[in-house]
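Structure data follow from target.txt (compact mmCIF, C-alpha atoms):
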```txt
# COMPACT_ATOMS: atom_id res chain seq x y z
CA MET A 1 0.71 13.55 29.48
CA ASN A 2 0.85 10.75 32.04
CA LYS A 3 4.10 8.92 31.38
CA HIS A 4 2.65 5.70 32.83
CA HIS A 5 0.39 5.49 29.79
CA GLN A 6 3.15 6.37 27.33
CA PRO A 7 4.90 3.31 25.87
CA MET A 8 8.59 3.04 26.69
CA VAL A 9 10.73 3.83 23.68
CA GLY A 10 12.94 0.83 24.49
CA SER A 11 10.05 -1.61 24.21
CA LEU A 12 9.00 -0.03 20.91
CA ILE A 13 12.53 -0.39 19.53
CA ARG A 14 12.54 -4.03 20.64
CA ASP A 15 9.13 -4.64 19.00
CA TRP A 16 10.32 -3.24 15.67
CA ARG A 17 13.58 -5.19 15.88
CA GLN A 18 11.69 -8.43 16.49
CA LEU A 19 9.23 -7.60 13.70
CA ARG A 20 12.23 -7.29 11.35
CA ARG A 21 13.59 -10.59 12.74
CA LEU A 22 16.88 -9.08 13.77
CA SER A 23 18.91 -10.03 16.83
CA GLN A 24 20.29 -7.30 19.06
CA LEU A 25 23.72 -8.08 17.62
CA ASP A 26 22.42 -7.78 14.03
CA LEU A 27 20.88 -4.37 14.66
CA ALA A 28 23.83 -3.11 16.69
CA LEU A 29 26.23 -4.03 13.89
CA GLU A 30 24.05 -2.36 11.25
CA ALA A 31 23.63 0.82 13.31
CA GLU A 32 27.31 0.77 14.36
CA ILE A 33 26.58 0.91 18.09
CA SER A 34 27.51 -1.61 20.78
CA GLN A 35 25.17 -4.50 21.54
CA LYS A 36 25.40 -3.56 25.23
CA HIS A 37 24.21 -0.03 24.47
CA LEU A 38 21.25 -1.37 22.45
CA SER A 39 20.41 -3.80 25.25
CA PHE A 40 20.39 -0.93 27.75
CA LEU A 41 18.16 1.13 25.44
CA GLU A 42 15.63 -1.68 25.00
CA SER A 43 15.50 -2.45 28.71
CA GLY A 44 15.07 1.22 29.65
CA ARG A 45 18.36 1.36 31.55
CA SER A 46 19.59 4.02 29.12
CA GLN A 47 17.66 6.86 27.48
CA PRO A 48 18.35 7.22 23.74
CA SER A 49 19.24 10.54 22.20
CA ARG A 50 17.06 11.91 19.43
CA ASP A 51 19.74 11.01 16.88
CA ILE A 52 19.94 7.42 18.13
CA VAL A 53 16.16 7.02 17.85
CA LEU A 54 16.25 8.24 14.25
CA LEU A 55 19.31 6.10 13.47
CA LEU A 56 17.65 2.92 14.74
CA CYS A 57 14.40 3.78 12.95
CA GLU A 58 16.33 4.16 9.71
CA HIS A 59 17.99 0.76 10.03
CA LEU A 60 14.73 -0.88 11.07
CA GLY A 61 12.78 0.65 8.17
CA VAL A 62 10.22 2.14 10.55
CA PRO A 63 7.51 4.12 8.67
CA LEU A 64 7.69 7.89 9.21
CA ARG A 65 4.40 7.98 11.14
CA GLU A 66 5.77 5.43 13.62
CA ARG A 67 9.11 7.22 13.84
CA ASN A 68 7.21 10.18 15.26
CA ALA A 69 5.63 7.82 17.81
CA LEU A 70 9.06 6.56 18.91
CA LEU A 71 10.35 10.13 19.23
CA LEU A 72 7.37 11.05 21.40
CA ALA A 73 7.91 7.96 23.55
CA ALA A 74 11.52 9.07 24.04
CA GLY A 75 10.40 12.56 25.05
CA TYR A 76 11.26 14.35 21.79
CA ALA A 77 9.12 16.38 19.41
CA PRO A 78 8.04 14.69 16.16
CA VAL A 79 10.15 15.65 13.14
CA TYR A 80 7.96 14.45 10.28
CA LEU A 81 5.03 16.58 9.14
CA GLU A 82 1.68 15.22 8.01
CA ARG A 83 -0.13 17.56 5.64
CA SER A 84 -3.05 17.38 3.26
CA LEU A 85 -2.21 17.10 -0.43
CA GLU A 86 -3.93 20.48 -0.78
CA ASP A 87 -1.35 22.08 1.53
CA PRO A 88 0.69 24.77 -0.29
CA GLY A 89 3.86 23.06 0.88
CA LEU A 90 2.96 19.97 -1.13
CA GLN A 91 1.96 21.87 -4.27
CA ALA A 92 4.87 20.49 -6.30
CA ALA A 93 4.11 16.91 -5.22
CA LYS A 94 0.40 17.35 -5.95
CA ALA A 95 1.24 18.70 -9.42
CA ALA A 96 3.50 15.69 -10.04
CA ILE A 97 0.71 13.29 -9.03
CA ASP A 98 -1.80 15.03 -11.29
CA LEU A 99 0.73 14.98 -14.14
CA VAL A 100 1.34 11.24 -13.80
CA LEU A 101 -2.37 10.41 -13.57
CA LYS A 102 -3.33 12.60 -16.54
CA GLY A 103 -0.33 11.56 -18.59
CA HIS A 104 -1.19 7.88 -18.16
CA GLU A 105 -4.52 8.23 -20.00
CA PRO A 106 -6.14 6.46 -21.81
CA TYR A 107 -4.99 3.79 -19.34
CA PRO A 108 -6.29 3.71 -15.74
CA ALA A 109 -4.23 5.19 -12.92
CA LEU A 110 -5.07 6.11 -9.34
CA ALA A 111 -3.50 7.33 -6.11
CA VAL A 112 -4.09 5.61 -2.76
CA ASP A 113 -3.00 6.20 0.82
CA ARG A 114 -1.55 3.70 3.30
CA HIS A 115 -4.98 2.14 3.91
CA TRP A 116 -5.78 1.83 0.18
CA THR A 117 -8.19 4.75 0.32
CA LEU A 118 -8.75 6.27 -3.12
CA LEU A 119 -7.32 9.81 -3.18
CA ALA A 120 -7.35 10.61 -6.89
CA ALA A 121 -7.90 8.91 -10.23
CA ASN A 122 -7.67 9.76 -13.92
CA ALA A 123 -10.54 9.78 -16.42
CA ALA A 124 -9.87 6.18 -17.50
CA VAL A 125 -10.90 4.90 -14.05
CA ALA A 126 -14.45 6.33 -14.26
CA PRO A 127 -15.83 3.67 -16.69
CA LEU A 128 -14.49 0.94 -14.39
CA LEU A 129 -16.15 2.51 -11.34
CA GLY A 130 -19.37 2.59 -13.39
CA LEU A 131 -19.36 -1.21 -13.29
CA ILE A 132 -19.81 -1.29 -9.51
CA ALA A 133 -23.23 -2.69 -8.57
CA ASP A 134 -23.39 -1.35 -5.00
CA ALA A 135 -23.37 2.47 -4.80
CA ASP A 136 -22.42 2.27 -1.10
CA LEU A 137 -18.97 1.03 -2.09
CA LEU A 138 -18.45 4.30 -4.00
CA ARG A 139 -19.28 6.56 -1.07
CA PRO A 140 -16.14 8.22 0.31
CA PRO A 141 -13.85 7.08 1.71
CA VAL A 142 -13.58 4.53 -1.11
CA ASN A 143 -11.31 1.59 -0.35
CA VAL A 144 -9.71 0.17 -3.51
CA LEU A 145 -9.18 -3.35 -2.15
CA ARG A 146 -12.75 -3.55 -0.87
CA LEU A 147 -13.95 -2.27 -4.25
CA SER A 148 -11.98 -4.98 -6.03
CA LEU A 149 -12.90 -8.03 -3.93
CA HIS A 150 -16.37 -7.26 -2.53
CA PRO A 151 -19.05 -9.50 -4.11
CA ALA A 152 -21.03 -6.36 -5.02
CA GLY A 153 -17.91 -4.65 -6.36
CA LEU A 154 -15.71 -5.61 -9.29
CA SER A 155 -15.15 -9.24 -8.25
CA PRO A 156 -18.02 -10.74 -10.34
CA LEU A 157 -16.40 -9.18 -13.43
CA ILE A 158 -12.83 -10.32 -12.70
CA VAL A 159 -12.21 -13.35 -14.90
CA ASN A 160 -9.16 -14.53 -12.92
CA LEU A 161 -10.58 -13.62 -9.51
CA GLY A 162 -8.80 -16.42 -7.63
CA GLU A 163 -5.39 -15.40 -8.95
CA TRP A 164 -6.01 -11.64 -8.57
CA ARG A 165 -7.40 -12.12 -5.03
CA MET A 166 -4.29 -14.05 -3.95
CA HIS A 167 -2.10 -11.33 -5.46
CA LEU A 168 -3.89 -8.50 -3.59
CA LEU A 169 -3.98 -10.40 -0.30
CA ALA A 170 -0.27 -11.21 -0.59
CA ARG A 171 0.51 -7.50 -1.11
CA LEU A 172 -1.65 -6.58 1.87
CA ARG A 173 0.00 -9.18 4.12
CA GLN A 174 3.41 -7.88 3.08
CA GLN A 175 2.32 -4.34 3.92
CA ILE A 176 1.07 -5.45 7.34
CA ARG A 177 4.41 -7.16 8.07
CA ALA A 178 6.25 -3.98 7.09
CA THR A 179 4.08 -1.50 9.00
CA ALA A 180 2.30 -3.44 11.78
CA ASP A 181 -0.73 -1.27 10.97
CA PRO A 182 -3.84 -2.51 12.86
CA VAL A 183 -6.20 -0.85 10.35
CA LEU A 184 -4.66 -2.93 7.56
CA ALA A 185 -4.94 -6.05 9.71
CA ASP A 186 -8.67 -5.33 10.15
CA LEU A 187 -9.01 -4.77 6.40
CA LEU A 188 -7.34 -8.13 5.69
CA ALA A 189 -9.71 -9.86 8.12
CA GLU A 190 -12.67 -8.27 6.33
CA LEU A 191 -11.45 -9.23 2.86
CA LEU A 192 -10.95 -12.83 3.96
CA THR A 193 -14.67 -13.04 4.79
CA TYR A 194 -15.62 -12.33 1.16
CA PRO A 195 -16.53 -15.35 -0.98
CA ALA A 196 -13.50 -16.84 -2.70
CA PRO A 197 -13.66 -18.80 -5.96
CA ALA A 198 -12.92 -22.50 -5.80
CA GLN A 199 -9.31 -23.26 -6.61
CA PRO A 200 -8.81 -25.32 -9.76
CA ALA A 201 -7.45 -28.84 -9.40
CA ARG A 202 -3.65 -28.88 -9.34
CA LYS A 203 -1.88 -30.07 -12.45
CA GLY A 204 0.50 -32.98 -12.39
CA HIS A 205 4.06 -32.25 -11.29
CA ALA A 206 5.42 -32.76 -14.81
CA GLN A 207 2.86 -30.35 -16.27
CA GLU A 208 3.76 -27.75 -13.63
CA LEU A 209 7.43 -27.99 -14.56
CA GLU A 210 6.62 -27.53 -18.25
CA ALA A 211 4.23 -24.60 -17.69
CA GLU A 212 5.64 -21.16 -18.46
CA PRO A 213 5.45 -19.11 -15.22
CA ALA A 214 3.65 -15.77 -15.43
CA ILE A 215 5.97 -12.76 -15.21
CA VAL A 216 3.23 -10.65 -13.63
CA VAL A 217 -0.30 -11.27 -12.39
CA PRO A 218 -2.71 -9.49 -14.75
CA LEU A 219 -6.12 -8.11 -13.85
CA GLN A 220 -8.55 -9.66 -16.33
CA LEU A 221 -11.72 -7.60 -16.19
CA ARG A 222 -14.85 -8.22 -18.24
CA LEU A 223 -16.15 -5.01 -19.80
CA GLY A 224 -19.21 -5.84 -21.89
CA GLU A 225 -18.11 -8.29 -24.58
CA THR A 226 -14.44 -7.44 -24.02
CA VAL A 227 -12.03 -8.82 -21.44
CA LEU A 228 -9.47 -6.19 -20.46
CA SER A 229 -6.12 -7.65 -19.47
CA LEU A 230 -4.16 -5.17 -17.38
CA ILE A 231 -0.81 -5.29 -15.62
CA SER A 232 -0.17 -2.92 -12.74
CA THR A 233 2.86 -1.04 -11.46
CA THR A 234 3.25 0.84 -8.19
CA THR A 235 5.10 4.15 -7.91
CA VAL A 236 6.09 5.78 -4.62
CA PHE A 237 7.94 8.99 -3.80
CA GLY A 238 11.68 8.52 -3.27
CA THR A 239 13.05 9.49 0.17
CA PRO A 240 10.01 11.52 1.29
CA VAL A 241 10.22 13.48 4.55
CA ASP A 242 6.47 14.13 4.76
CA ILE A 243 4.21 11.43 6.21
CA THR A 244 1.48 11.97 3.60
CA LEU A 245 3.90 11.49 0.70
CA SER A 246 5.64 8.54 2.36
CA GLU A 247 2.30 6.72 2.57
CA LEU A 248 1.06 7.57 -0.92
CA ALA A 249 1.27 5.18 -3.87
CA LEU A 250 0.34 5.57 -7.52
CA GLU A 251 -1.19 2.43 -9.06
CA THR A 252 -0.90 2.56 -12.84
CA PHE A 253 -2.33 -0.05 -15.21
CA PHE A 254 -0.98 -0.94 -18.65
CA PRO A 255 -2.62 -3.06 -21.35
CA ALA A 256 -1.21 -6.60 -21.32
CA ASP A 257 -2.22 -7.16 -24.95
CA ALA A 258 -3.06 -5.20 -28.10
CA ALA A 259 -6.82 -5.82 -27.81
CA THR A 260 -6.91 -4.24 -24.34
CA GLY A 261 -5.00 -1.19 -25.57
CA GLU A 262 -7.44 -0.74 -28.45
CA ALA A 263 -10.45 -1.14 -26.15
CA LEU A 264 -9.17 1.45 -23.68
CA ARG A 265 -8.35 3.95 -26.45
CA ALA A 266 -11.83 3.45 -27.95
CA LEU A 267 -13.41 3.92 -24.52
CA ALA A 268 -11.48 7.16 -24.01
CA ALA A 269 -12.52 8.46 -27.45
CA GLN A 270 -16.14 7.58 -26.72
CA SER A 271 -16.01 9.44 -23.38
CA ALA A 272 -14.39 12.47 -25.04
CA SER A 273 -17.10 12.56 -27.74
CA ALA A 274 -19.85 12.33 -25.13
CA GLU A 275 -18.24 15.18 -23.19
CA LEU A 276 -18.12 17.38 -26.30
CA LEU A 277 -21.81 16.68 -26.94
CA GLY A 278 -22.64 17.47 -23.32
CA VAL A 279 -23.83 13.93 -22.60
CA PRO A 280 -23.43 13.11 -18.90
```
Mind turning the file's structure into C-alpha cells?
Amino acid sequence: MNKHHQPMVGSLIRDWRQLRRLSQLDLALEAEISQKHLSFLESGRSQPSRDIVLLLCEHLGVPLRERNALLLAAGYAPVYLERSLEDPGLQAAKAAIDLVLKGHEPYPALAVDRHWTLLAANAAVAPLLGLIADADLLRPPVNVLRLSLHPAGLSPLIVNLGEWRMHLLARLRQQIRATADPVLADLLAELLTYPAPAQPARKGHAQELEAEPAIVVPLQLRLGETVLSLISTTTVFGTPVDITLSELALETFFPADAATGEALRALAAQSASAELLGVP
C-alpha cells in the first residue's frame, strides 16, 4: 500500500478529538498521558504504539470499525472482526436476537445495522410492512428510516408525522455526530428532501408552561379504523468486540395505551388463524 495515500494516524486522532470537542489537555488527562506526547502523536513527530491507539480510541468513543482504520493508519493489523450474523462464531448472539424478537410478539420488534438497514423482524412487523404503498421500498436492502418517512412509505399513515419525523431526524443527527459516517450523512440529506408536514402554530408562553411534557415520543400509526400508539426502545449489545454486533440495534415497540395492546393482540390472533387455515 502506498503510504502517501494512507491517512496519518495523528491527523485521524486529532479529527476524532475535535469531533468530541476535547482539547489536547482534556484528552491527555483522560487517557493519563502527557499533553506533549499527545501533541507529538497528532503532529506525526511520534509514532503511537498499538496500545496507545486503542487507549485513545477508547477515551474518544471511536466506533470499532473506525478503530481498525486508525490501527491500519498506524501500521498495525486490525483487531476487531466483522462477521455475518450467520457466522458460527456469532451463533449465540444470533440466537439471542431471535429470542428477543420472537419473545416480544405480539408487539413489533426489528433489528437494524448502523445504516438502519433492516436485518430481521418478528411476525408483528409484517402487517405494518403490508401498509407500504410502494413495493420498491420493500426490496432489499430495506432502510427503516426511508420506509418510515418516504411519502410512499408509512408517512401518510403516521398521525403525528411532524413530531415523529423530528424525533427520527434528531436520532440520526446524533448518530452522525457520534460516528462521522458519510453514508448516514447522505441518508439525512435524502430524508430532508421528503415533504414535511406544516408545523402547528406555537401556543402562548403561558400555555406552554402549563402543558404536560411528553415523556417519550410515540409513533401514532393509522391501521384501518384504529390508531396504534407505540413507544419504542433501543437495545444494543454491551461491550461487543465484533464490529457487526457493535453496530446492531434492536428496536422494540410497546403499546402506549390499552387499545393499542388489544389491537396488536387481535392482529396476531388473526394472523395465526390465517396461518392455520393455510391462507397466505
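Between atom CA of Val9 of chain A and atom CA of Arg173 of chain A the separation is 25.8 Å.
Minimum distance to Lys36 of chain A across A:Gln24, A:Arg50, A:Leu250, A:Val216 (counting all atoms listed in the file) occurs at A:Gln24.
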| field | Distance query Phe253 of chain A at most 8 Å, only C-alpha atoms, self and fewer than 3 positions along chain excluded, as a ChimeraX atom specification | value | /A:107-109,230-233
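Using all atoms listed in the file for every distance, the candidate list A:Pro63, A:Gly162, A:Pro48, A:Gly103 yields A:Gly162 as the residue closest to Leu149 of chain A.
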| field | 10 Å contact set for Gly44 of chain A, only C-alpha atoms, chain neighbours under 2 positions out, as a list of chain:residue names | value | A:Met8, A:Val9, A:Gly10, A:Ser11, A:Leu38, A:Ser39, A:Phe40, A:Leu41, A:Glu42, A:Ser46, A:Gln47, A:Pro48
| message | Can you pull out the residues contacting Leu81 of chain A? Cut-off 9 Å, using all atoms listed in the file, and skip same-chain residues under 2 positions away; I want them as a ChimeraX atom specification. | response | /A:65,78-79,83,241-244
| note | Using all atoms listed in the file, the residue out of A:Val125, A:Asn68, A:Ala185, A:Glu58 with shortest distance to Glu82 of chain A is A:Asn68
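Reported to one decimal place, the separation of atom CA of Asp113 of chain A from atom CA of Thr260 of chain A is 27.5 Å.
Interatomic distance, atom CA of Pro7 of chain A to atom CA of Ala69 of chain A: 9.3 Å.
Each of A:Leu169, A:Leu192, A:Ala126, A:Leu99 was checked against Ser271 of chain A using all atoms listed in the file; the smallest atom-to-atom distance is that of A:Ala126.
Residues within 8 Å of Leu248 of chain A, counting all atoms listed in the file and excluding same-chain residues fewer than 6 positions away, are Ala111, Val112, Asp113, Arg114, Val236 and Phe237 of chain A.
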| task | Find the spatial neighbours of Leu147 of chain A, counting only C-alpha atoms, within a cut-off of 10 Å - ignore same-chain residues fewer than 3 positions away - and output them as JSON, numbers by chain. | result | {"A": [129, 132, 134, 137, 138, 142, 143, 144, 150, 151, 152, 153, 154, 155]}
Take the selection from the previous step and output its residues with C-alpha atoms, as a PDB file, keeping the file's coordinate frame.
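Result file follows (part27.pdb):
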```
ATOM      1  CA  LEU A 129     -16.150   2.510 -11.340  1.00  0.00           C
ATOM      2  CA  ILE A 132     -19.810  -1.290  -9.510  1.00  0.00           C
ATOM      3  CA  ASP A 134     -23.390  -1.350  -5.000  1.00  0.00           C
ATOM      4  CA  LEU A 137     -18.970   1.030  -2.090  1.00  0.00           C
ATOM      5  CA  LEU A 138     -18.450   4.300  -4.000  1.00  0.00           C
ATOM      6  CA  VAL A 142     -13.580   4.530  -1.110  1.00  0.00           C
ATOM      7  CA  ASN A 143     -11.310   1.590  -0.350  1.00  0.00           C
ATOM      8  CA  VAL A 144      -9.710   0.170  -3.510  1.00  0.00           C
ATOM      9  CA  HIS A 150     -16.370  -7.260  -2.530  1.00  0.00           C
ATOM     10  CA  PRO A 151     -19.050  -9.500  -4.110  1.00  0.00           C
ATOM     11  CA  ALA A 152     -21.030  -6.360  -5.020  1.00  0.00           C
ATOM     12  CA  GLY A 153     -17.910  -4.650  -6.360  1.00  0.00           C
ATOM     13  CA  LEU A 154     -15.710  -5.610  -9.290  1.00  0.00           C
ATOM     14  CA  SER A 155     -15.150  -9.240  -8.250  1.00  0.00           C
TER      15      SER A 155
END
```
Show me the residues close to (-0.9, -5.4, -21.0) - anything with an atom within 6 Å, counting only C-alpha atoms - and format the list as an mmCIF file with C-alpha atoms, in the frame of the given file.
```
data_model
loop_
_atom_site.group_PDB
_atom_site.id
_atom_site.type_symbol
_atom_site.label_atom_id
_atom_site.label_comp_id
_atom_site.auth_asym_id
_atom_site.auth_seq_id
_atom_site.Cartn_x
_atom_site.Cartn_y
_atom_site.Cartn_z
ATOM 1 C CA SER A 229 -6.120 -7.650 -19.470
ATOM 2 C CA LEU A 230 -4.160 -5.170 -17.380
ATOM 3 C CA ILE A 231 -0.810 -5.290 -15.620
ATOM 4 C CA PHE A 254 -0.980 -0.940 -18.650
ATOM 5 C CA PRO A 255 -2.620 -3.060 -21.350
ATOM 6 C CA ALA A 256 -1.210 -6.600 -21.320
ATOM 7 C CA ASP A 257 -2.220 -7.160 -24.950
#
```
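Using all atoms listed in the file, the smallest distance between any of A:His59, A:Leu12, A:Leu219, A:His115 and Ala28 of chain A comes from A:His59.
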| task | Check the smallest atom-to-atom distance from each of A:Pro106, A:Gly61, A:Pro156, A:Gly238 to Ala268 of chain A using only C-alpha atoms, then report the winner. | result | A:Pro106
